[in-house]
Every structure is written in C-alpha cells, then in structure tokens.
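This is work12.cif (mmCIF, C-alpha atoms and all ligand atoms).
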```
data_run
#
loop_
_atom_site.label_atom_id
_atom_site.label_comp_id
_atom_site.auth_asym_id
_atom_site.auth_seq_id
_atom_site.Cartn_x
_atom_site.Cartn_y
_atom_site.Cartn_z
CA MET A 1 0.00 0.00 0.00
CA THR A 2 1.37 3.46 -0.81
CA LEU A 3 1.98 5.82 2.10
CA LYS A 4 -0.74 8.39 2.55
CA PHE A 5 1.62 11.31 2.89
CA THR A 6 2.17 14.33 0.68
CA ILE A 7 5.78 15.42 0.64
CA PRO A 8 5.85 19.10 1.60
CA THR A 9 7.89 21.47 -0.53
CA GLN A 10 9.27 23.88 2.00
CA ASN A 11 12.18 26.07 0.93
CA ALA A 12 15.08 26.60 3.31
CA ARG A 13 17.82 29.15 3.90
CA ILE A 14 20.60 30.01 6.33
CA LEU A 15 18.90 32.21 8.94
CA ALA A 16 22.07 33.15 10.82
CA VAL A 17 25.74 32.32 11.33
CA GLY A 18 27.84 32.40 14.51
CA ALA A 19 31.55 31.91 15.12
CA TYR A 20 33.95 31.32 17.96
CA ARG A 21 37.71 31.78 17.75
CA PRO A 22 39.69 30.81 20.84
CA PRO A 23 41.54 33.83 22.27
CA ARG A 24 45.06 32.40 21.98
CA VAL A 25 46.68 33.71 18.77
CA VAL A 26 49.66 31.68 17.56
CA PRO A 27 52.01 33.50 15.14
CA ASN A 28 54.19 31.61 12.64
CA SER A 29 57.23 32.60 14.68
CA GLU A 30 56.08 30.26 17.48
CA LEU A 31 56.19 27.22 15.18
CA VAL A 32 59.05 27.71 12.74
CA GLU A 33 62.04 26.61 14.82
CA ARG A 34 60.87 23.00 15.25
CA ILE A 35 60.26 22.55 11.50
CA ASP A 36 63.22 24.53 10.12
CA SER A 37 60.90 27.01 8.42
CA SER A 38 60.28 30.76 8.44
CA ASP A 39 57.41 33.21 8.75
CA GLU A 40 58.18 34.36 5.19
CA TRP A 41 58.00 30.80 3.73
CA ILE A 42 54.70 30.03 5.47
CA GLN A 43 53.12 33.31 4.36
CA GLN A 44 54.32 32.90 0.76
CA ARG A 45 53.30 29.24 0.39
CA THR A 46 49.99 29.33 2.31
CA GLY A 47 48.96 32.91 3.14
CA ILE A 48 48.84 32.05 6.87
CA GLN A 49 50.09 34.76 9.25
CA THR A 50 48.51 33.65 12.52
CA ARG A 51 46.04 31.05 13.76
CA HIS A 52 44.04 30.39 16.96
CA TRP A 53 44.56 27.46 19.31
CA ALA A 54 42.12 26.48 22.02
CA ALA A 55 43.12 26.34 25.68
CA ALA A 56 44.01 22.90 27.04
CA ASP A 57 40.75 22.70 29.01
CA GLU A 58 38.52 23.99 26.16
CA SER A 59 36.94 21.14 24.17
CA VAL A 60 35.75 21.10 20.58
CA ALA A 61 32.17 20.82 21.89
CA ASP A 62 32.69 23.83 24.21
CA MET A 63 33.75 25.91 21.19
CA ALA A 64 30.80 24.59 19.14
CA VAL A 65 28.37 25.61 21.90
CA LYS A 66 29.76 29.16 21.94
CA ALA A 67 29.36 29.54 18.15
CA SER A 68 25.90 27.93 18.26
CA ARG A 69 24.59 30.29 20.96
CA ILE A 70 25.52 33.26 18.74
CA ALA A 71 23.90 31.71 15.63
CA ILE A 72 20.67 30.85 17.51
CA SER A 73 20.45 34.31 19.07
CA ARG A 74 21.01 36.01 15.70
CA ALA A 75 18.35 33.79 14.09
CA GLY A 76 15.88 35.15 16.66
CA ILE A 77 14.57 31.71 17.64
CA ASN A 78 14.35 29.88 20.94
CA PRO A 79 16.97 27.09 21.30
CA GLN A 80 14.07 24.67 21.98
CA GLU A 81 12.85 25.23 18.41
CA ILE A 82 15.98 23.50 17.06
CA ASP A 83 14.80 20.01 16.08
CA THR A 84 18.01 18.73 14.46
CA ILE A 85 21.70 19.16 15.28
CA ILE A 86 24.31 18.15 12.69
CA PHE A 87 27.91 18.42 13.88
CA ALA A 88 30.73 18.16 11.32
CA THR A 89 34.10 17.41 12.93
CA ILE A 90 37.13 15.13 12.78
CA THR A 91 38.55 16.06 16.17
CA TYR A 92 35.88 15.06 18.70
CA PRO A 93 37.93 12.53 20.64
CA TYR A 94 35.11 10.01 21.28
CA GLN A 95 33.66 7.53 18.80
CA THR A 96 30.39 7.60 20.73
CA PRO A 97 28.23 9.20 22.04
CA SER A 98 28.35 11.88 19.37
CA ALA A 99 29.56 15.48 19.60
CA SER A 100 26.09 16.65 18.53
CA THR A 101 24.52 15.08 21.63
CA GLU A 102 27.06 16.87 23.84
CA VAL A 103 26.04 20.17 22.23
CA ALA A 104 22.34 19.31 22.76
CA LYS A 105 23.07 18.62 26.43
CA GLN A 106 25.07 21.82 26.98
CA LEU A 107 22.43 23.93 25.20
CA GLU A 108 19.63 22.06 27.02
CA ILE A 109 17.88 21.27 23.73
CA LYS A 110 15.59 18.33 24.42
CA GLY A 111 14.46 15.72 21.91
CA ALA A 112 16.34 17.02 18.85
CA ALA A 113 17.70 14.60 16.24
CA ALA A 114 21.48 14.69 16.72
CA PHE A 115 24.26 13.16 14.65
CA ASP A 116 27.83 13.85 13.52
CA VAL A 117 29.20 14.09 9.99
CA GLY A 118 32.69 12.72 9.30
CA ALA A 119 33.60 14.35 6.01
CA ALA A 120 36.70 16.27 7.13
CA CYS A 121 37.09 19.70 5.53
CA ALA A 122 33.95 19.09 3.42
CA GLY A 123 31.88 18.23 6.51
CA PHE A 124 30.15 21.59 6.87
CA SER A 125 28.91 21.60 3.26
CA TYR A 126 27.77 17.96 3.62
CA GLY A 127 25.84 18.94 6.77
CA LEU A 128 24.33 22.02 5.15
CA GLY A 129 23.14 19.92 2.19
CA LEU A 130 21.52 17.43 4.56
CA ALA A 131 19.86 20.22 6.56
CA ASN A 132 18.41 21.73 3.38
CA ASP A 133 17.09 18.37 2.18
CA MET A 134 15.60 17.55 5.60
CA ILE A 135 13.69 20.83 5.76
CA ARG A 136 12.56 20.55 2.14
CA SER A 137 11.20 17.05 2.71
CA GLY A 138 9.43 17.88 5.99
CA SER A 139 11.79 15.92 8.28
CA ALA A 140 12.98 19.05 10.13
CA LYS A 141 12.14 22.71 10.66
CA TYR A 142 15.14 24.37 12.34
CA VAL A 143 18.52 22.66 11.89
CA LEU A 144 21.70 23.70 13.69
CA VAL A 145 24.67 22.87 11.45
CA ILE A 146 28.04 23.08 13.21
CA GLY A 147 31.61 22.82 11.93
CA ALA A 148 34.12 22.79 14.79
CA GLU A 149 37.64 21.47 15.30
CA LYS A 150 40.35 21.35 17.92
CA ILE A 151 43.10 20.13 15.58
CA SER A 152 45.85 21.35 17.92
CA ASP A 153 45.15 18.18 19.95
CA PHE A 154 46.10 16.09 16.89
CA LEU A 155 49.15 17.97 15.59
CA ASP A 156 52.74 16.74 15.38
CA LEU A 157 54.62 20.00 15.97
CA ASP A 158 57.73 18.47 14.34
CA ASP A 159 55.92 17.72 11.05
CA ARG A 160 56.90 20.27 8.37
CA ALA A 161 53.86 19.41 6.27
CA THR A 162 51.14 20.10 8.84
CA SER A 163 52.16 21.84 12.07
CA PHE A 164 51.77 25.38 10.68
CA ILE A 165 48.60 24.69 8.65
CA PHE A 166 45.94 23.38 11.00
CA ALA A 167 44.17 25.30 13.77
CA ASP A 168 41.14 25.50 16.06
CA GLY A 169 37.73 27.20 15.97
CA ALA A 170 33.99 26.74 15.58
CA GLY A 171 31.27 28.02 13.28
CA ALA A 172 27.55 27.30 13.24
CA VAL A 173 24.52 28.19 11.18
CA VAL A 174 20.80 27.90 11.83
CA VAL A 175 18.96 26.66 8.74
CA GLY A 176 15.20 27.14 8.66
CA PRO A 177 12.10 27.69 6.51
CA SER A 178 12.13 30.33 3.81
CA ASP A 179 9.69 31.77 1.25
CA SER A 180 12.25 31.39 -1.54
CA VAL A 181 15.04 28.95 -2.45
CA GLY A 182 17.93 29.97 -0.17
CA ILE A 183 20.16 26.93 -0.65
CA GLY A 184 20.86 25.45 -4.08
CA PRO A 185 21.38 21.77 -4.83
CA THR A 186 24.41 20.30 -3.05
CA THR A 187 27.09 18.51 -5.02
CA MET A 188 28.78 15.83 -2.91
CA GLY A 189 31.40 13.33 -4.00
CA SER A 190 34.66 11.52 -3.36
CA ASP A 191 37.93 10.52 -5.03
CA VAL A 192 39.00 7.43 -3.12
CA GLU A 193 42.10 6.86 -5.31
CA ASN A 194 43.71 9.46 -3.03
CA ARG A 195 42.22 8.08 0.17
CA ASP A 196 45.48 8.08 2.16
CA ALA A 197 46.66 11.55 1.07
CA ILE A 198 45.37 13.07 4.33
CA ALA A 199 45.00 10.85 7.37
CA MET A 200 45.10 10.70 11.13
CA VAL A 201 47.90 8.18 11.74
CA PRO A 202 48.88 5.85 13.32
CA SER A 203 45.32 5.27 14.44
CA TRP A 204 43.10 3.26 12.13
CA ILE A 205 45.59 2.89 9.28
CA ASP A 206 47.67 0.57 11.50
CA TYR A 207 44.62 -1.16 12.93
CA LYS A 208 43.69 -4.64 11.75
CA PRO A 209 41.09 -6.87 13.41
CA GLY A 210 43.00 -8.70 16.16
CA SER A 211 45.58 -5.89 16.67
CA ASP A 212 46.72 -5.18 20.18
CA LEU A 213 44.86 -1.93 20.77
CA THR A 214 47.20 -0.94 23.61
CA ASP A 215 49.96 -0.47 20.99
CA LEU A 216 48.09 2.25 19.13
CA ALA A 217 49.63 5.67 19.63
CA TRP A 218 47.66 8.90 19.94
CA PRO A 219 46.75 9.87 16.36
CA VAL A 220 48.19 12.89 14.59
CA ILE A 221 47.25 14.36 11.23
CA HIS A 222 49.49 13.85 8.19
CA GLN A 223 49.11 14.91 4.59
CA GLU A 224 50.87 14.57 1.26
CA GLY A 225 50.68 18.30 0.63
CA GLN A 226 51.61 18.43 -3.06
CA LYS A 227 49.23 15.59 -3.99
CA VAL A 228 46.29 17.30 -2.22
CA PHE A 229 47.28 20.67 -3.67
CA ARG A 230 47.23 19.37 -7.28
CA TRP A 231 43.92 17.54 -6.73
CA ALA A 232 42.30 20.60 -5.16
CA VAL A 233 43.41 22.94 -7.94
CA TYR A 234 42.23 20.71 -10.83
CA GLU A 235 39.32 18.65 -9.52
CA VAL A 236 37.67 21.10 -7.11
CA ALA A 237 37.54 23.79 -9.82
CA LYS A 238 35.42 21.42 -11.94
CA VAL A 239 33.15 20.78 -8.94
CA GLY A 240 32.72 24.52 -8.44
CA LYS A 241 31.62 25.03 -12.04
CA GLU A 242 29.16 22.15 -11.69
CA ILE A 243 27.67 23.64 -8.50
CA ILE A 244 27.06 27.03 -10.15
CA ALA A 245 25.48 25.41 -13.23
CA LYS A 246 23.25 23.13 -11.11
CA SER A 247 21.92 26.20 -9.32
CA GLY A 248 20.84 27.68 -12.65
CA LEU A 249 23.32 30.54 -12.22
CA THR A 250 26.41 31.90 -13.96
CA PRO A 251 29.60 33.17 -12.25
CA ALA A 252 28.25 36.71 -12.71
CA ASP A 253 25.40 35.88 -10.29
CA ILE A 254 27.81 35.07 -7.45
CA ALA A 255 28.61 37.86 -4.97
CA ALA A 256 30.99 35.95 -2.69
CA PHE A 257 33.22 32.88 -2.87
CA ILE A 258 33.75 31.09 0.46
CA PRO A 259 35.88 28.01 -0.17
CA HIS A 260 37.45 25.77 2.47
CA GLN A 261 40.46 27.70 3.76
CA ALA A 262 43.26 25.20 2.99
CA ASN A 263 45.85 27.37 1.28
CA GLU A 264 45.55 30.90 -0.17
CA ARG A 265 47.25 29.73 -3.39
CA ILE A 266 44.50 27.11 -3.84
CA ILE A 267 41.87 29.82 -3.24
CA ASP A 268 43.52 32.04 -5.91
CA SER A 269 43.77 29.17 -8.38
CA LEU A 270 40.12 28.12 -7.92
CA THR A 271 38.93 31.70 -8.34
CA LYS A 272 40.84 31.93 -11.63
CA SER A 273 39.89 28.49 -13.01
CA MET A 274 36.21 29.03 -12.31
CA GLU A 275 36.44 32.40 -14.07
CA LEU A 276 34.78 34.24 -11.19
CA PRO A 277 34.51 37.94 -12.09
CA ASP A 278 36.53 40.56 -10.19
CA THR A 279 33.32 41.71 -8.51
CA VAL A 280 33.19 38.46 -6.48
CA ILE A 281 34.44 38.98 -2.92
CA VAL A 282 36.69 36.07 -1.98
CA ALA A 283 37.04 34.86 1.63
CA ARG A 284 40.68 34.84 2.77
CA ASP A 285 40.11 34.05 6.42
CA ILE A 286 43.04 31.60 6.25
CA ARG A 287 45.45 34.52 6.82
CA THR A 288 44.48 34.87 10.48
CA THR A 289 42.69 31.57 11.09
CA GLY A 290 44.72 28.85 9.35
CA ASN A 291 43.04 25.67 8.18
CA THR A 292 40.29 24.70 10.63
CA SER A 293 38.88 21.81 8.54
CA ALA A 294 35.09 21.53 9.04
CA ALA A 295 34.99 24.91 10.83
CA SER A 296 36.66 26.87 8.07
CA ILE A 297 33.64 27.73 5.87
CA PRO A 298 31.30 29.01 8.63
CA LEU A 299 34.21 30.88 10.28
CA ALA A 300 35.10 32.48 6.95
CA MET A 301 31.42 33.30 6.28
CA ASP A 302 31.10 35.06 9.63
CA ALA A 303 34.30 37.06 9.07
CA LEU A 304 33.31 38.02 5.51
CA LEU A 305 29.89 39.30 6.60
CA ALA A 306 31.52 41.35 9.37
CA GLN A 307 33.88 42.94 6.81
CA HIS A 308 31.23 43.36 4.07
CA PRO A 309 27.77 43.85 5.65
CA ASP A 310 26.36 44.54 2.17
CA LEU A 311 26.82 40.80 1.42
CA HIS A 312 23.93 39.82 3.75
CA GLY A 313 21.27 38.19 1.57
CA LYS A 314 23.55 37.90 -1.50
CA ASN A 315 24.61 34.66 -3.25
CA ALA A 316 27.76 32.88 -2.11
CA LEU A 317 29.47 29.80 -3.52
CA LEU A 318 30.65 27.41 -0.78
CA ILE A 319 33.01 24.48 -1.48
CA GLY A 320 34.58 22.14 1.04
CA PHE A 321 37.25 19.53 0.19
CA GLY A 322 39.57 17.33 2.18
CA ALA A 323 40.48 13.93 3.61
CA GLY A 324 38.92 11.00 1.80
CA LEU A 325 39.34 12.72 -0.55
CA VAL A 326 35.83 14.13 -0.40
CA TYR A 327 34.15 17.31 -1.52
CA ALA A 328 30.79 19.07 -1.22
CA GLY A 329 29.43 22.49 -2.05
CA GLN A 330 26.42 24.60 -2.86
CA VAL A 331 25.34 28.14 -3.68
CA VAL A 332 23.58 29.78 -0.74
CA GLU A 333 21.86 33.06 -0.06
CA LEU A 334 23.93 34.51 2.79
CA PRO A 335 21.93 35.11 5.99
CA PRO A 336 20.07 38.41 6.44
CA LEU A 337 21.34 41.07 8.85
CA PRO A 338 21.01 39.54 12.33
CA LYS A 339 17.92 40.36 14.39
CA ASN A 340 19.98 40.27 17.59
O1 LIG A 401 42.44 20.85 4.38
C1 LIG A 401 42.60 19.71 3.60
C2 LIG A 401 43.14 20.03 2.26
N1 LIG A 401 44.54 20.34 2.37
C3 LIG A 401 45.16 21.03 1.43
O2 LIG A 401 44.53 21.43 0.48
C4 LIG A 401 46.66 21.25 1.54
C5 LIG A 401 47.30 21.31 0.19
N2 LIG A 401 48.74 21.43 0.21
C6 LIG A 401 49.42 22.55 0.60
O3 LIG A 401 48.82 23.50 1.08
C7 LIG A 401 50.91 22.62 0.32
O4 LIG A 401 51.30 21.48 -0.39
C8 LIG A 401 51.82 22.77 1.58
C9 LIG A 401 51.60 24.13 2.20
C10 LIG A 401 51.49 21.67 2.58
C11 LIG A 401 53.28 22.66 1.20
O5 LIG A 401 53.59 23.65 0.23
P1 LIG A 401 54.29 23.24 -1.15
O6 LIG A 401 54.44 24.48 -1.90
O7 LIG A 401 53.49 22.13 -1.78
O8 LIG A 401 55.70 22.72 -0.66
P2 LIG A 401 56.50 21.46 -1.19
O9 LIG A 401 56.17 20.29 -0.35
O10 LIG A 401 56.38 21.33 -2.66
O11 LIG A 401 57.99 21.89 -0.88
C12 LIG A 401 58.61 23.00 -1.60
C13 LIG A 401 59.96 23.32 -0.95
C14 LIG A 401 60.86 22.10 -0.75
O12 LIG A 401 62.20 22.55 -0.89
P3 LIG A 401 63.03 22.28 -2.24
O13 LIG A 401 63.01 20.79 -2.43
O14 LIG A 401 62.28 23.01 -3.32
O15 LIG A 401 64.38 22.86 -1.94
C15 LIG A 401 60.60 21.70 0.69
O16 LIG A 401 61.71 21.05 1.26
O17 LIG A 401 59.74 23.85 0.36
C16 LIG A 401 60.38 23.03 1.33
N3 LIG A 401 59.48 22.94 2.47
C17 LIG A 401 59.51 23.80 3.49
N4 LIG A 401 60.30 24.87 3.74
C18 LIG A 401 60.05 25.58 4.87
C19 LIG A 401 58.48 22.05 2.69
N5 LIG A 401 57.85 22.31 3.85
C20 LIG A 401 58.47 23.40 4.36
C21 LIG A 401 58.27 24.18 5.52
N6 LIG A 401 59.07 25.24 5.73
N7 LIG A 401 57.28 23.90 6.40
#
```

Would you give me this structure, written as structure tokens?
Amino acid sequence: MTLKFTIPTQNARILAVGAYRPPRVVPNSELVERIDSSDEWIQQRTGIQTRHWAAADESVADMAVKASRIAISRAGINPQEIDTIIFATITYPYQTPSASTEVAKQLEIKGAAAFDVGAACAGFSYGLGLANDMIRSGSAKYVLVIGAEKISDFLDLDDRATSFIFADGAGAVVVGPSDSVGIGPTTMGSDVENRDAIAMVPSWIDYKPGSDLTDLAWPVIHQEGQKVFRWAVYEVAKVGKEIIAKSGLTPADIAAFIPHQANERIIDSLTKSMELPDTVIVARDIRTTGNTSAASIPLAMDALLAQHPDLHGKNALLIGFGAGLVYAGQVVELPPLPKN
C-alpha cells in the first residue's frame, strides 16, 4: 500500500551564522624553529600569518556551543525550536556518544535529532546539504549545522607538512524555513584513489582486526601536501563550475566565494579556473585563522559578513574539500542582517 503522505515542498535558507575563535593567537614565529621554516616561507606558500589554538581545558564541543549560541540568538529563535543538530568534525575525541549530543546537552535542547558528519574539511557543506534536504522534505524545521575542530590536539609540531597549517575554531549556522530557495542543490562526491593523502595516523591505518589496541599511539594528522594541492586545484575547480550550473546561475550571479580555507594559493587558483569575475568577494580568512577543517567555511562566512555587511542576503558559492578525498558544495543566499 502506498503511504498516505504528501511530501511538503518547503524552501530553506541560512537564517544566521555564529563563530567562535579561541583567544590564543599563535604566530608563525612560534612554530618555525621545530620545522626549520620561516614566517616568510609560510606566508608565501599558504597565506597564513597567525592562527588560533584552544586552551588545554577547552573542548571542541565547548567551542561549538559558543558559536551555536551566537547563531541561535542572531536567528531570533528559541533554542528549543531546534529540532536537528548536525555536527561536522574530525577532532571530537570520542567515537560515541556523538559530539552533537554533547552540544544538545550543553544547550539544554531536548528531543532534537542529533548526529555527527565525518567528512573532514567538506563536513560543513555535507551537513548544510543534509539540513536543506531535511527541511525541504518535511523531516525538520530548524537545523543547527556546526563545523568545529580542535586540531591542535592532533598535531605533530615536528611535522613540516602540517604543524603550521591546521588550527582550532567553531562556526555554526541555523537553517530554517524560507519563502524562496535559499540553498541550491548540493554537489557531494569523493575521489578514493587518493584516500590516504590526508590521514590521522597511526590510528586506524595501523589497525587490523586482532591488533593489540594498547599499541596504538595517539593519532596525529598527516598529509601529502603536493598531492592534495594538485587535486584541489584541478578537480575542485570542476566541482565549483558544476555547482554554479546546477543552481541555474552563472559566475556573474555570485557575490561571494567562500571556499574551504586550505591554502591561499589554492583559493587564488580556484577563483581563476572558475572564471569568477573581479566583482566576487573572496574569503581569505586563512590569513588569520589557518586551516580549521570543518569549521573553516562558517568561520570564513562570519568574518566576511563582518567585513562586508552589504553581502547579507547575497549569493555565495561554498566548497569544502579534504580527507577521503571528499568534496561538497552549494550556492547559498547569505543570511540576512542579524535580528539580535
Ligand atoms: O584541508 C585539507 C586540504 N589540504 C590542502 O589542500 C593542503 C594542500 N597542500 C598545501 O597546502 C601545500 O602542499 C603545503 C603548504 C602543505 C606545502 O607547500 P608546497 O608548496 O606544496 O611545498 P613542497 O612540499 O612542494 O615543498 C617545496 C619546498 C621544498 O624545498 P626544495 O626541495 O624546493 O628545496 C621543501 O623542502 O619547500 C620546502 N618545504 C619547506 N620549507 C620551509 C616544505 N615544507 C616546508 C616548511 N618550511 N614547512
């Protein structure tokens, strides 16, 4: 028997964004000695000048809660109206229960659906796509989508390929009902040929059923920088073009480009390959934030709106890409000026 249920067609949009950057600012000069590098090299090769690291007793969930409180307040809704929490992260140190349930507990949100997304630096765009589809299909009304990381807990400070890149922070958006289409179709995908190019090792890579688990060391992040760089520059540019076309737009309709903040040279290359016009305002939050994986897009969105208030309500292209290798992106209408 067919279900007697009419699928609602409710449009969705980002109602508000919130961000939290831990107060401790770490300049390149603090890191260079251990990796035989220099402030000049790091700035030239990545654009990074400084980044934020969380305090030892500040967890990734604590940071997520701070960003979420701001997003919920700006959206002008009661926290109890949130019916779904999606938390994108790779640095919550527990397999279960999930980071999203810790946020629900800290925010005293009762009964909400809560789950985590493990899609590395693409996690926020995966979560945003899911939130949009859940609202459109009637499974949710107000979804809190969080990207938060405390990567400083998983860094090898002697690794020349990672120690200066990754950093900490949290961003969150509230997605809710809208009269018009505020989030375009999400493109999600993977390139598993390059699965080991970024990995937390020696955790699961060394693990085989029957391994002595006591031998496993605390995991740290590693990456084959050049391999990821080449992939990002060639493959992610194609994804970006596909996202714009799927939304029924052209590059001229885009007001802002907010890619994952992995490397400023990748951001420049993507902007050029996708033939984005000079009028497009490009997020370069990496300079003072570093690469915060799943947190990087909402952090960059918050910073861009603070610098360019005229972008509220305008179209932005978001693209996340990272370990897996995986990618996801969409065109969104940036949130309106906050009510609070
Ligand atoms: O968030 C997930 C996605 N991640 C990414 O998209 C990251 C993509 N990759 C990158 O951002 C870059 O590959 C890195 C920033 C990681 C490295 O930059 P690169 O321009 O690819 O450096 P490279 O590995 O090609 O090395 C170039 C030179 C070498 O010297 P020679 O052989 O040309 O004399 C390296 O030995 O730079 C040297 N080098 C360094 N020098 C100072 C490599 N690492 C360092 C360092 N400091 N940290």

Each stretch 125-193 of chain A residue no farther than 8 Å from stretch 77-89 of chain A, nearest pair in Å, only C-alpha atoms, as a Markdown table:
```
| residue | atom | partner | partner_atom | distance |
| --- | --- | --- | --- | --- |
| A:Gly127 | CA | A:Ile86 | CA | 6.2 |
| A:Ala131 | CA | A:Ile86 | CA | 7.9 |
| A:Ala140 | CA | A:Asp83 | CA | 6.3 |
| A:Lys141 | CA | A:Asp83 | CA | 6.6 |
| A:Tyr142 | CA | A:Ile82 | CA | 4.9 |
| A:Val143 | CA | A:Thr84 | CA | 4.7 |
| A:Leu144 | CA | A:Ile85 | CA | 4.8 |
| A:Val145 | CA | A:Ile86 | CA | 4.9 |
| A:Ile146 | CA | A:Phe87 | CA | 4.7 |
| A:Gly147 | CA | A:Ala88 | CA | 4.8 |
| A:Ala148 | CA | A:Thr89 | CA | 5.7 |
| A:Glu149 | CA | A:Thr89 | CA | 5.9 |
```

Neighbouring residues of ligand LIG 401 (chain A) are defined here as those with any atom at most 7 Å from a ligand atom, counting all atoms listed in the file; list them as a ChimeraX atom specification.
/A:35-38,41-42,45-46,121,160-162,225-226,228-229,232,262-263,291,293,321-323

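Atom CA of A:Leu318 is positioned 23.5 Å from atom CA of A:Ala114.
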
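Interatomic distance, atom CA of A:Met188 to atom CA of A:Ala300: 20.4 Å.
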
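Pairwise distance (atom CA of A:Ala316, atom CA of A:Phe257) equals 5.5 Å.
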